[in-house]
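What follows is the content of work-v2.cif, which has mmCIF, C-alpha atoms:
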data_upload
loop_
_atom_site.group_PDB
_atom_site.id
_atom_site.type_symbol
_atom_site.label_atom_id
_atom_site.label_comp_id
_atom_site.auth_asym_id
_atom_site.auth_seq_id
_atom_site.Cartn_x
_atom_site.Cartn_y
_atom_site.Cartn_z
ATOM 1 C CA MET A 1 -16.928 10.336 26.698
ATOM 2 C CA ALA A 2 -13.425 8.962 26.864
ATOM 3 C CA THR A 3 -11.260 10.128 29.717
ATOM 4 C CA GLU A 4 -7.498 10.402 29.546
ATOM 5 C CA MET A 5 -5.763 8.071 31.967
ATOM 6 C CA PRO A 6 -2.589 9.288 33.668
ATOM 7 C CA ALA A 7 0.591 7.770 32.337
ATOM 8 C CA ALA A 8 1.848 4.983 34.484
ATOM 9 C CA GLY A 9 5.332 5.427 35.809
ATOM 10 C CA LEU A 10 7.733 3.886 38.238
ATOM 11 C CA SER A 11 8.209 5.404 41.663
ATOM 12 C CA ASP A 12 11.638 6.622 42.716
ATOM 13 C CA ASN A 13 12.033 3.600 44.971
ATOM 14 C CA ALA A 14 11.142 1.208 42.145
ATOM 15 C CA ARG A 15 13.603 2.895 39.774
ATOM 16 C CA GLY A 16 16.257 2.820 42.464
ATOM 17 C CA ALA A 17 15.669 -0.901 43.033
ATOM 18 C CA LEU A 18 16.015 -1.578 39.299
ATOM 19 C CA ILE A 19 19.213 0.446 39.092
ATOM 20 C CA MET A 20 20.673 -1.357 42.122
ATOM 21 C CA THR A 21 19.774 -4.716 40.556
ATOM 22 C CA ALA A 22 21.401 -3.626 37.282
ATOM 23 C CA SER A 23 24.513 -2.552 39.184
ATOM 24 C CA MET A 24 24.795 -5.929 40.905
ATOM 25 C CA ALA A 25 24.218 -7.719 37.593
ATOM 26 C CA ALA A 26 26.991 -5.704 35.943
ATOM 27 C CA PHE A 27 29.482 -6.435 38.718
ATOM 28 C CA THR A 28 28.593 -10.143 38.767
ATOM 29 C CA PHE A 29 28.822 -10.565 35.000
ATOM 30 C CA ASN A 30 32.184 -8.783 35.197
ATOM 31 C CA ASP A 31 33.282 -11.383 37.752
ATOM 32 C CA ALA A 32 32.159 -14.163 35.411
ATOM 33 C CA CYS A 33 34.192 -12.689 32.533
ATOM 34 C CA VAL A 34 37.274 -12.373 34.744
ATOM 35 C CA LYS A 35 36.900 -15.932 36.022
ATOM 36 C CA ALA A 36 36.500 -17.249 32.475
ATOM 37 C CA VAL A 37 39.761 -15.640 31.334
ATOM 38 C CA SER A 38 41.788 -15.920 34.547
ATOM 39 C CA GLY A 39 43.189 -19.338 33.770
ATOM 40 C CA ASP A 40 44.652 -18.179 30.458
ATOM 41 C CA MET A 41 46.979 -15.414 31.645
ATOM 42 C CA PRO A 42 48.900 -14.207 34.719
ATOM 43 C CA LEU A 43 46.939 -12.339 37.379
ATOM 44 C CA PHE A 44 48.616 -8.947 37.034
ATOM 45 C CA GLN A 45 48.469 -8.992 33.239
ATOM 46 C CA LEU A 46 44.726 -9.520 33.547
ATOM 47 C CA LEU A 47 44.398 -6.735 36.133
ATOM 48 C CA MET A 48 46.437 -4.334 34.006
ATOM 49 C CA LEU A 49 44.550 -4.973 30.764
ATOM 50 C CA ARG A 50 41.183 -4.623 32.445
ATOM 51 C CA GLY A 51 42.424 -1.603 34.386
ATOM 52 C CA MET A 52 43.533 0.210 31.240
ATOM 53 C CA ALA A 53 40.153 -0.089 29.548
ATOM 54 C CA THR A 54 38.201 0.651 32.746
ATOM 55 C CA THR A 55 40.281 3.744 33.541
ATOM 56 C CA ILE A 56 39.720 5.162 30.059
ATOM 57 C CA LEU A 57 35.955 4.651 30.349
ATOM 58 C CA ILE A 58 35.747 6.168 33.840
ATOM 59 C CA CYS A 59 37.930 9.101 32.823
ATOM 60 C CA GLY A 60 35.640 9.772 29.860
ATOM 61 C CA LEU A 61 32.544 9.692 32.060
ATOM 62 C CA ALA A 62 34.147 11.953 34.673
ATOM 63 C CA TRP A 63 35.049 14.453 31.932
ATOM 64 C CA TYR A 64 31.505 14.320 30.540
ATOM 65 C CA MET A 65 30.053 14.931 34.010
ATOM 66 C CA GLY A 66 32.439 17.820 34.626
ATOM 67 C CA ALA A 67 33.921 15.946 37.571
ATOM 68 C CA LEU A 68 37.577 16.110 36.524
ATOM 69 C CA ARG A 69 38.569 18.389 39.373
ATOM 70 C CA TRP A 70 41.887 17.933 41.137
ATOM 71 C CA ARG A 71 41.828 20.747 43.682
ATOM 72 C CA PHE A 72 41.087 18.967 46.938
ATOM 73 C CA GLY A 73 42.362 19.632 50.394
ATOM 74 C CA ALA A 74 45.353 17.729 51.760
ATOM 75 C CA ARG A 75 43.063 15.673 53.994
ATOM 76 C CA ASP A 76 40.953 14.482 51.047
ATOM 77 C CA TRP A 77 44.059 13.628 49.037
ATOM 78 C CA SER A 78 45.441 11.527 51.877
ATOM 79 C CA LEU A 79 42.107 9.730 52.227
ATOM 80 C CA ILE A 80 41.972 9.146 48.462
ATOM 81 C CA ALA A 81 45.470 7.621 48.643
ATOM 82 C CA VAL A 82 44.426 5.262 51.452
ATOM 83 C CA ARG A 83 41.219 4.380 49.619
ATOM 84 C CA SER A 84 43.122 3.612 46.419
ATOM 85 C CA LEU A 85 45.503 1.309 48.308
ATOM 86 C CA ALA A 86 42.486 -0.438 49.816
ATOM 87 C CA GLU A 87 41.044 -0.836 46.304
ATOM 88 C CA VAL A 88 44.314 -2.419 45.168
ATOM 89 C CA GLY A 89 44.206 -4.892 48.051
ATOM 90 C CA ALA A 90 40.552 -5.697 47.418
ATOM 91 C CA ALA A 91 41.132 -6.297 43.691
ATOM 92 C CA PHE A 92 44.191 -8.485 44.291
ATOM 93 C CA PHE A 93 42.635 -10.718 46.951
ATOM 94 C CA PHE A 94 39.232 -10.905 45.280
ATOM 95 C CA ILE A 95 40.508 -11.955 41.866
ATOM 96 C CA THR A 96 43.026 -14.349 43.444
ATOM 97 C CA ALA A 97 40.136 -16.048 45.247
ATOM 98 C CA LEU A 98 37.848 -15.846 42.210
ATOM 99 C CA ARG A 99 40.342 -17.784 40.101
ATOM 100 C CA HIS A 100 39.909 -20.846 42.333
ATOM 101 C CA MET A 101 36.507 -20.538 44.052
ATOM 102 C CA PRO A 102 32.979 -20.970 42.659
ATOM 103 C CA ILE A 103 31.608 -17.542 41.832
ATOM 104 C CA ALA A 104 28.538 -18.053 44.036
ATOM 105 C CA ASN A 105 30.689 -18.903 47.076
ATOM 106 C CA ILE A 106 32.863 -15.819 46.898
ATOM 107 C CA THR A 107 29.849 -13.633 46.128
ATOM 108 C CA ALA A 108 28.102 -15.055 49.191
ATOM 109 C CA ILE A 109 31.094 -14.143 51.373
ATOM 110 C CA LEU A 110 31.011 -10.581 50.029
ATOM 111 C CA GLN A 111 27.401 -10.207 51.143
ATOM 112 C CA VAL A 112 28.701 -9.756 54.694
ATOM 113 C CA LEU A 113 29.931 -6.269 53.748
ATOM 114 C CA PRO A 114 26.914 -4.353 55.165
ATOM 115 C CA LEU A 115 27.544 -6.088 58.483
ATOM 116 C CA THR A 116 31.273 -5.326 58.517
ATOM 117 C CA MET A 117 30.493 -1.711 57.626
ATOM 118 C CA THR A 118 28.037 -1.404 60.504
ATOM 119 C CA LEU A 119 30.607 -2.911 62.857
ATOM 120 C CA GLY A 120 33.316 -0.649 61.451
ATOM 121 C CA VAL A 121 31.418 2.597 61.983
ATOM 122 C CA ALA A 122 30.645 1.485 65.530
ATOM 123 C CA LEU A 123 34.273 0.637 66.354
ATOM 124 C CA PHE A 124 36.107 3.438 64.563
ATOM 125 C CA PHE A 125 33.591 6.288 64.309
ATOM 126 C CA LYS A 126 31.809 5.598 67.604
ATOM 127 C CA GLU A 127 28.410 5.711 65.912
ATOM 128 C CA PRO A 128 25.725 4.098 68.094
ATOM 129 C CA VAL A 129 24.694 0.587 67.089
ATOM 130 C CA GLY A 130 21.878 -0.997 69.078
ATOM 131 C CA TRP A 131 21.946 -4.482 70.494
ATOM 132 C CA ARG A 132 19.641 -5.784 67.770
ATOM 133 C CA ARG A 133 22.081 -4.879 65.026
ATOM 134 C CA MET A 134 24.998 -6.234 67.040
ATOM 135 C CA VAL A 135 23.182 -9.563 67.381
ATOM 136 C CA ALA A 136 22.477 -9.489 63.629
ATOM 137 C CA ILE A 137 26.182 -8.943 62.961
ATOM 138 C CA LEU A 138 27.156 -11.914 65.138
ATOM 139 C CA VAL A 139 24.561 -14.157 63.493
ATOM 140 C CA GLY A 140 25.720 -12.976 60.060
ATOM 141 C CA PHE A 141 29.310 -13.892 60.863
ATOM 142 C CA CYS A 142 28.069 -17.353 61.868
ATOM 143 C CA GLY A 143 26.548 -17.566 58.390
ATOM 144 C CA VAL A 144 29.950 -16.728 56.900
ATOM 145 C CA LEU A 145 31.481 -19.570 58.905
ATOM 146 C CA LEU A 146 28.984 -21.945 57.300
ATOM 147 C CA ILE A 147 30.116 -20.719 53.881
ATOM 148 C CA VAL A 148 33.878 -21.008 54.472
ATOM 149 C CA ARG A 149 33.650 -23.884 57.019
ATOM 150 C CA PRO A 150 37.034 -23.421 58.741
ATOM 151 C CA GLY A 151 38.637 -26.708 59.667
ATOM 152 C CA PRO A 152 41.141 -29.260 58.372
ATOM 153 C CA GLU A 153 38.806 -30.285 55.524
ATOM 154 C CA GLY A 154 36.470 -27.381 54.800
ATOM 155 C CA PHE A 155 38.611 -24.234 54.895
ATOM 156 C CA ASP A 156 41.197 -23.384 52.251
ATOM 157 C CA VAL A 157 43.448 -20.445 51.573
ATOM 158 C CA ASN A 158 41.161 -19.061 48.866
ATOM 159 C CA ALA A 159 38.377 -18.510 51.395
ATOM 160 C CA GLY A 160 40.955 -16.577 53.398
ATOM 161 C CA TYR A 161 41.699 -14.452 50.326
ATOM 162 C CA ALA A 162 37.977 -13.731 49.965
ATOM 163 C CA LEU A 163 37.785 -12.633 53.606
ATOM 164 C CA MET A 164 40.836 -10.412 53.067
ATOM 165 C CA ALA A 165 38.995 -8.826 50.143
ATOM 166 C CA VAL A 166 36.054 -8.149 52.472
ATOM 167 C CA GLY A 167 38.428 -6.468 54.907
ATOM 168 C CA PHE A 168 39.923 -4.208 52.247
ATOM 169 C CA VAL A 169 36.519 -3.278 50.799
ATOM 170 C CA THR A 170 35.322 -2.413 54.307
ATOM 171 C CA LEU A 171 38.385 -0.203 54.807
ATOM 172 C CA ARG A 172 37.753 1.434 51.430
ATOM 173 C CA ASP A 173 34.153 2.264 52.270
ATOM 174 C CA LEU A 174 34.973 3.464 55.790
ATOM 175 C CA VAL A 175 37.575 5.846 54.363
ATOM 176 C CA THR A 176 35.051 7.073 51.790
ATOM 177 C CA ARG A 177 32.685 8.085 54.588
ATOM 178 C CA ARG A 178 35.351 10.459 55.962
ATOM 179 C CA MET A 179 35.835 12.375 52.703
ATOM 180 C CA SER A 180 34.369 15.826 52.245
ATOM 181 C CA SER A 181 31.703 16.627 49.654
ATOM 182 C CA ALA A 182 34.333 18.598 47.705
ATOM 183 C CA ALA A 183 35.655 15.332 46.230
ATOM 184 C CA PRO A 184 33.336 14.179 43.379
ATOM 185 C CA SER A 185 32.358 10.509 43.471
ATOM 186 C CA MET A 186 33.649 9.920 39.940
ATOM 187 C CA MET A 187 37.057 11.358 40.808
ATOM 188 C CA ILE A 188 37.275 9.042 43.812
ATOM 189 C CA THR A 189 36.381 6.100 41.564
ATOM 190 C CA LEU A 190 38.855 7.221 38.898
ATOM 191 C CA SER A 191 41.654 7.533 41.452
ATOM 192 C CA ALA A 192 41.005 3.986 42.658
ATOM 193 C CA SER A 193 41.029 2.649 39.088
ATOM 194 C CA VAL A 194 44.315 4.444 38.367
ATOM 195 C CA GLY A 195 45.766 3.018 41.584
ATOM 196 C CA VAL A 196 44.927 -0.550 40.555
ATOM 197 C CA LEU A 197 46.310 0.106 37.078
ATOM 198 C CA ILE A 198 49.633 1.454 38.376
ATOM 199 C CA PHE A 199 50.019 -1.375 40.896
ATOM 200 C CA SER A 200 49.305 -4.073 38.333
ATOM 201 C CA ALA A 201 51.598 -2.429 35.757
ATOM 202 C CA VAL A 202 54.484 -2.520 38.244
ATOM 203 C CA ALA A 203 53.652 -6.070 39.318
ATOM 204 C CA THR A 204 53.617 -7.361 35.725
ATOM 205 C CA THR A 205 57.379 -6.780 35.530
ATOM 206 C CA GLY A 206 57.733 -9.983 37.555
ATOM 207 C CA GLU A 207 55.480 -11.982 35.226
ATOM 208 C CA THR A 208 55.888 -13.455 31.782
ATOM 209 C CA TRP A 209 53.181 -12.061 29.546
ATOM 210 C CA VAL A 210 51.202 -14.366 27.291
ATOM 211 C CA ALA A 211 49.576 -13.636 23.957
ATOM 212 C CA VAL A 212 45.952 -12.564 24.211
ATOM 213 C CA GLY A 213 43.578 -14.381 21.874
ATOM 214 C CA VAL A 214 40.368 -13.005 20.395
ATOM 215 C CA ARG A 215 38.209 -14.790 23.012
ATOM 216 C CA ASP A 216 40.213 -13.489 25.946
ATOM 217 C CA ALA A 217 40.399 -9.972 24.501
ATOM 218 C CA GLY A 218 36.620 -9.957 24.151
ATOM 219 C CA LEU A 219 36.153 -11.172 27.718
ATOM 220 C CA ILE A 220 38.528 -8.533 29.114
ATOM 221 C CA LEU A 221 36.812 -5.777 27.133
ATOM 222 C CA GLY A 222 33.451 -7.085 28.289
ATOM 223 C CA ALA A 223 34.636 -7.127 31.908
ATOM 224 C CA SER A 224 35.846 -3.529 31.573
ATOM 225 C CA VAL A 225 32.538 -2.326 30.153
ATOM 226 C CA LEU A 226 30.580 -4.237 32.802
ATOM 227 C CA ILE A 227 32.573 -2.950 35.774
ATOM 228 C CA PHE A 228 32.276 0.558 34.325
ATOM 229 C CA GLY A 229 28.513 0.031 34.106
ATOM 230 C CA GLY A 230 28.494 -1.183 37.701
ATOM 231 C CA TYR A 231 30.276 1.978 38.844
ATOM 232 C CA LEU A 232 27.934 4.172 36.792
ATOM 233 C CA PHE A 233 24.805 2.530 38.209
ATOM 234 C CA SER A 234 26.299 2.806 41.698
ATOM 235 C CA VAL A 235 26.529 6.579 41.264
ATOM 236 C CA MET A 236 23.032 6.788 39.788
ATOM 237 C CA VAL A 237 21.402 4.775 42.570
ATOM 238 C CA MET A 238 22.631 7.196 45.238
ATOM 239 C CA ARG A 239 20.407 9.884 43.698
ATOM 240 C CA VAL A 240 17.130 7.961 43.455
ATOM 241 C CA GLY A 241 14.680 6.892 46.161
ATOM 242 C CA GLU A 242 15.244 5.902 49.769
ATOM 243 C CA MET A 243 18.384 3.895 50.471
ATOM 244 C CA SER A 244 16.686 1.962 53.285
ATOM 245 C CA PHE A 245 14.344 0.534 50.615
ATOM 246 C CA ILE A 246 16.880 0.209 47.794
ATOM 247 C CA ALA A 247 19.933 -1.146 49.653
ATOM 248 C CA PRO A 248 18.600 -4.711 50.204
ATOM 249 C CA PHE A 249 18.428 -5.157 46.428
ATOM 250 C CA ARG A 250 22.225 -5.373 46.447
ATOM 251 C CA TYR A 251 21.695 -9.006 47.433
ATOM 252 C CA SER A 252 20.369 -9.670 43.939
ATOM 253 C CA GLY A 253 24.050 -10.077 43.076
ATOM 254 C CA LEU A 254 23.981 -13.427 44.869
ATOM 255 C CA LEU A 255 21.112 -14.610 42.670
ATOM 256 C CA TRP A 256 23.034 -13.566 39.561
ATOM 257 C CA ALA A 257 26.088 -15.419 40.863
ATOM 258 C CA LEU A 258 24.099 -18.597 41.510
ATOM 259 C CA VAL A 259 22.668 -18.575 37.982
ATOM 260 C CA LEU A 260 25.961 -17.695 36.282
ATOM 261 C CA GLY A 261 27.947 -20.186 38.333
ATOM 262 C CA TRP A 262 25.572 -22.966 37.369
ATOM 263 C CA ILE A 263 25.182 -22.079 33.664
ATOM 264 C CA ALA A 264 28.705 -20.913 32.824
ATOM 265 C CA PHE A 265 30.868 -23.027 35.137
ATOM 266 C CA GLY A 266 28.677 -25.909 36.276
ATOM 267 C CA HIS A 267 29.001 -24.942 39.953
ATOM 268 C CA TRP A 268 26.166 -25.164 42.464
ATOM 269 C CA PRO A 269 26.829 -24.441 46.151
ATOM 270 C CA GLU A 270 26.505 -27.138 48.777
ATOM 271 C CA PRO A 271 23.494 -27.002 51.148
ATOM 272 C CA LEU A 272 25.570 -25.577 54.028
ATOM 273 C CA THR A 273 26.838 -22.813 51.756
ATOM 274 C CA LEU A 274 23.288 -21.964 50.716
ATOM 275 C CA LEU A 275 22.189 -21.956 54.359
ATOM 276 C CA GLY A 276 25.066 -19.659 55.316
ATOM 277 C CA SER A 277 24.241 -17.368 52.406
ATOM 278 C CA ALA A 278 20.603 -17.163 53.493
ATOM 279 C CA ILE A 279 21.677 -16.244 57.038
ATOM 280 C CA VAL A 280 24.026 -13.523 55.798
ATOM 281 C CA VAL A 281 21.361 -12.052 53.501
ATOM 282 C CA ALA A 282 18.673 -12.149 56.211
ATOM 283 C CA THR A 283 20.877 -10.420 58.784
ATOM 284 C CA GLY A 284 21.971 -7.854 56.212
ATOM 285 C CA VAL A 285 18.390 -7.010 55.273
ATOM 286 C CA PHE A 286 17.537 -6.686 58.975
ATOM 287 C CA THR A 287 20.499 -4.346 59.446
ATOM 288 C CA PHE A 288 19.329 -2.144 56.561
ATOM 289 C CA TYR A 289 15.836 -2.119 58.081
ATOM 290 C CA ARG A 290 17.101 -1.073 61.508
ATOM 291 C CA GLU A 291 19.377 1.611 60.056
ATOM 292 C CA GLY A 292 16.412 2.982 58.106
ATOM 293 C CA ARG A 293 14.320 3.176 61.259
ATOM 294 C CA VAL A 294 17.095 4.923 63.182
ATOM 295 C CA ALA A 295 17.529 7.452 60.352
ATOM 296 C CA ARG A 296 13.799 8.182 60.240
ATOM 297 C CA ARG A 297 13.694 8.724 63.994
ATOM 298 C CA ALA A 298 16.637 11.107 63.768
ATOM 299 C CA ARG A 299 14.878 13.142 61.063
ATOM 300 C CA LEU A 300 11.717 13.381 63.155
ATOM 301 C CA ARG A 301 13.666 14.652 66.157
ATOM 302 C CA SER A 302 15.526 17.303 64.173
#
Can I see the file as structure tokens?
Amino acid sequence: MATEMPAAGLSDNARGALIMTASMAAFTFNDACVKAVSGDMPLFQLLMLRGMATTILICGLAWYMGALRWRFGARDWSLIAVRSLAEVGAAFFFITALRHMPIANITAILQVLPLTMTLGVALFFKEPVGWRRMVAILVGFCGVLLIVRPGPEGFDVNAGYALMAVGFVTLRDLVTRRMSSAAPSMMITLSASVGVLIFSAVATTGETWVAVGVRDAGLILGASVLIFGGYLFSVMVMRVGEMSFIAPFRYSGLLWALVLGWIAFGHWPEPLTLLGSAIVVATGVFTFYREGRVARRARLRS
């Protein structure tokens, strides 16, 4: 007699890992599109055109989700303003660096973000961080030094721009942690997109616009759809599985960057850059592991 087998399905953690990987892929492919078009037009024209399409898409999603709510407290509005300014700084410095750096190199530098966030919450929010995570942060920063190689021959201004982008993204995420639950995630994202759009629109008055060809228009539209997809997956992943398991999959973005940089632009990082990237990823994964253990202990005590 035949027996009915239960339908196989993915666990929440597995689905969360896939969504995180998709999010990182979307953001990295967006970076590749921006890099491919960045040499054909001024920086702020590129930011404005991408910002227009991205803002429309995010606004549509926020409306569909019923998240278009503007009644926040004064504290949340001030934090949203600071976060939007941080998003502007991050976009400006990141794309400025991306125009001149291999995509894998700048992506590798951005992988230090979990470490800077851990350091930031310890310094500014006085959250306890054990000595193991502090050692991991120090080792991770040593990995970053291998990537940027400061010195008369190895370090250039574009690596500095990438590090500035890290600083602004860290500020953005630290500010986000202080917002109340009354502010929907999509509205926070929409506000940041509008901030970048307004800034770039004002900045374009000092540039000479160039005609946009079919290829560049397609790349900008593709970048807008991809960054929108990255934002959407980022919201989805927060609702699935355990973050201590899912968070390390954010490093899949580095793998995407390595493949895209090699196939699309003919770039492959030098051995020291790969070594530094491996150190940053390893220390980041360890940090996620330790944070997961601390969270589990806190739940058991409560």
Pull the closest atom pair for each residue of stretch 124-237 of chain A that gets at most 10 Å from stretch 64-85 of chain A, along with the distance in Å to one decimal, counting only C-alpha atoms, ordering rows by chain and then ascending residue number, as a tab-separated table.
residue	atom	partner	partner_atom	distance
A:Phe168	CA	A:Leu85	CA	8.8
A:Val169	CA	A:Arg83	CA	9.1
A:Leu171	CA	A:Arg83	CA	7.5
A:Arg172	CA	A:Arg83	CA	4.9
A:Asp173	CA	A:Arg83	CA	7.8
A:Leu174	CA	A:Arg83	CA	8.8
A:Val175	CA	A:Arg83	CA	6.2
A:Thr176	CA	A:Arg83	CA	7.1
A:Arg177	CA	A:Leu79	CA	9.9
A:Arg178	CA	A:Leu79	CA	7.8
A:Met179	CA	A:Asp76	CA	5.8
A:Ser180	CA	A:Asp76	CA	6.8
A:Ser181	CA	A:Asp76	CA	9.6
A:Ala182	CA	A:Phe72	CA	6.8
A:Ala183	CA	A:Phe72	CA	6.6
A:Pro184	CA	A:Ala67	CA	6.1
A:Ser185	CA	A:Ala67	CA	8.2
A:Met186	CA	A:Ala67	CA	6.5
A:Met187	CA	A:Leu68	CA	6.4
A:Ile188	CA	A:Ile80	CA	6.6
A:Thr189	CA	A:Ser84	CA	8.7
A:Leu190	CA	A:Leu68	CA	9.3
A:Ser191	CA	A:Ser84	CA	6.5
A:Ala192	CA	A:Ser84	CA	4.3
A:Ser193	CA	A:Ser84	CA	7.7
A:Val194	CA	A:Ser84	CA	8.2
A:Gly195	CA	A:Ser84	CA	5.5
A:Val196	CA	A:Ser84	CA	7.4
A:Phe199	CA	A:Leu85	CA	9.1
Q.
Here is a test: counting all atoms listed in the file, which residue of A:Val212, A:Val166, A:Leu138, A:Leu197 is nearest to A:Thr283?
A.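 The answer is A:Leu138, which sits nearest to A:Thr283.
Run against this file, the PyMOL selection byres ((chain A and resi 208) around 10) gives back Met41, Pro42, Gln45, Thr204, Thr205, Gly206, Glu207, Trp209 and Val210 of chain A.
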Among A:Val121, A:Val135, A:Met24, A:Ala162, A:Met101 is approached most closely, using all atoms listed in the file, by A:Ala162
Apply the PyMOL selection byres ((chain A and resi 258-272) around 6) to the file shown and report the selected residues as a PDB file with C-alpha atoms, in the frame of the given file.
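The new file part.pdb reads:
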ATOM      1  CA  ILE A 103      31.608 -17.542  41.832  1.00  0.00           C
ATOM      2  CA  ALA A 104      28.538 -18.053  44.036  1.00  0.00           C
ATOM      3  CA  LEU A 146      28.984 -21.945  57.300  1.00  0.00           C
ATOM      4  CA  LEU A 255      21.112 -14.610  42.670  1.00  0.00           C
ATOM      5  CA  TRP A 256      23.034 -13.566  39.561  1.00  0.00           C
ATOM      6  CA  ALA A 257      26.088 -15.419  40.863  1.00  0.00           C
ATOM      7  CA  THR A 273      26.838 -22.813  51.756  1.00  0.00           C
ATOM      8  CA  LEU A 274      23.288 -21.964  50.716  1.00  0.00           C
ATOM      9  CA  LEU A 275      22.189 -21.956  54.359  1.00  0.00           C
TER      10      LEU A 275
END
**Prompt:** Which is closer to A:Phe141 than all the others in A:Leu113, A:Ala203, A:Leu18, A:Ile56, using all atoms listed in the file?
**Reply:**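 When distances to A:Phe141 are compared using all atoms listed in the file, the smallest one comes from A:Leu113.
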Result set, the PyMOL selection byres ((chain A and resi 282) around 10) on current file, as a list in words: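 Matching residues under the PyMOL selection byres ((chain A and resi 282) around 10) are Ala136, Val139, Gly140, Gly143, Pro248, Tyr251, Gly276, Ser277, Ala278, Ile279, Val280, Val281, Thr283, Gly284, Val285, Phe286 and Thr287 of chain A.
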Of A:Ile95, A:Ala223, A:Cys142, A:Gly130, the one sitting nearest A:Tyr161 when using only C-alpha atoms is A:Ile95
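Within 10 Å of the file-frame point (32.2, 1.6, 36.0), and using only C-alpha atoms, the polymer residues found are Ser23, Ala26, Phe27, Thr54, Thr55, Leu57, Ile58, Cys59, Leu61, Met186, Thr189, Leu190, Ser193, Ala223, Ser224, Val225, Leu226, Ile227, Phe228, Gly229, Gly230, Tyr231, Leu232, Phe233, Ser234 and Val235 of chain A.
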Quiz item: Which neighbours of A:Phe245 fall inside 12 Å, counting only C-alpha atoms, when residues of the same chain fewer than 2 positions from it are skipped, and could you give them as number ranges by chain?
Solution: A: 11-18, 20, 237-238, 240-243, 247-250, 285-293
Residue rebuild result stretch 243-259 of chain A, N, CA and C atoms as a CSV table (one decimal), keeping the file's coordinate frame:
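Dumped everything to result-v9.csv:
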chain,number,residue,atom,x,y,z
A,243,MET,N,17.4,5.0,50.4
A,243,MET,CA,18.4,3.9,50.5
A,243,MET,C,17.9,2.7,51.4
A,244,SER,N,17.1,3.0,52.4
A,244,SER,CA,16.7,2.0,53.3
A,244,SER,C,15.8,1.0,52.5
A,245,PHE,N,15.1,1.4,51.5
A,245,PHE,CA,14.3,0.5,50.6
A,245,PHE,C,15.2,-0.1,49.5
A,246,ILE,N,16.1,0.7,49.0
A,246,ILE,CA,16.9,0.2,47.8
A,246,ILE,C,18.0,-0.7,48.2
A,247,ALA,N,18.7,-0.4,49.3
A,247,ALA,CA,19.9,-1.1,49.7
A,247,ALA,C,19.8,-2.7,49.7
A,248,PRO,N,18.7,-3.2,50.2
A,248,PRO,CA,18.6,-4.7,50.2
A,248,PRO,C,18.7,-5.3,48.8
A,249,PHE,N,18.4,-4.6,47.8
A,249,PHE,CA,18.4,-5.2,46.4
A,249,PHE,C,19.9,-5.4,46.0
A,250,ARG,N,20.8,-5.0,46.8
A,250,ARG,CA,22.2,-5.4,46.4
A,250,ARG,C,22.4,-6.9,46.5
A,251,TYR,N,21.6,-7.6,47.3
A,251,TYR,CA,21.7,-9.0,47.4
A,251,TYR,C,21.2,-9.7,46.2
A,252,SER,N,20.7,-9.0,45.2
A,252,SER,CA,20.4,-9.7,43.9
A,252,SER,C,21.6,-10.2,43.3
A,253,GLY,N,22.8,-9.6,43.6
A,253,GLY,CA,24.0,-10.1,43.1
A,253,GLY,C,24.3,-11.5,43.4
A,254,LEU,N,23.8,-12.0,44.5
A,254,LEU,CA,24.0,-13.4,44.9
A,254,LEU,C,23.1,-14.3,43.9
A,255,LEU,N,21.9,-13.8,43.6
A,255,LEU,CA,21.1,-14.6,42.7
A,255,LEU,C,21.8,-14.7,41.3
A,256,TRP,N,22.3,-13.5,40.8
A,256,TRP,CA,23.0,-13.6,39.6
A,256,TRP,C,24.2,-14.5,39.6
A,257,ALA,N,24.9,-14.5,40.7
A,257,ALA,CA,26.1,-15.4,40.9
A,257,ALA,C,25.7,-16.9,40.9
A,258,LEU,N,24.6,-17.2,41.5
A,258,LEU,CA,24.1,-18.6,41.5
A,258,LEU,C,23.8,-19.1,40.1
A,259,VAL,N,23.1,-18.2,39.4
A,259,VAL,CA,22.7,-18.6,38.0
A,259,VAL,C,23.9,-18.7,37.1
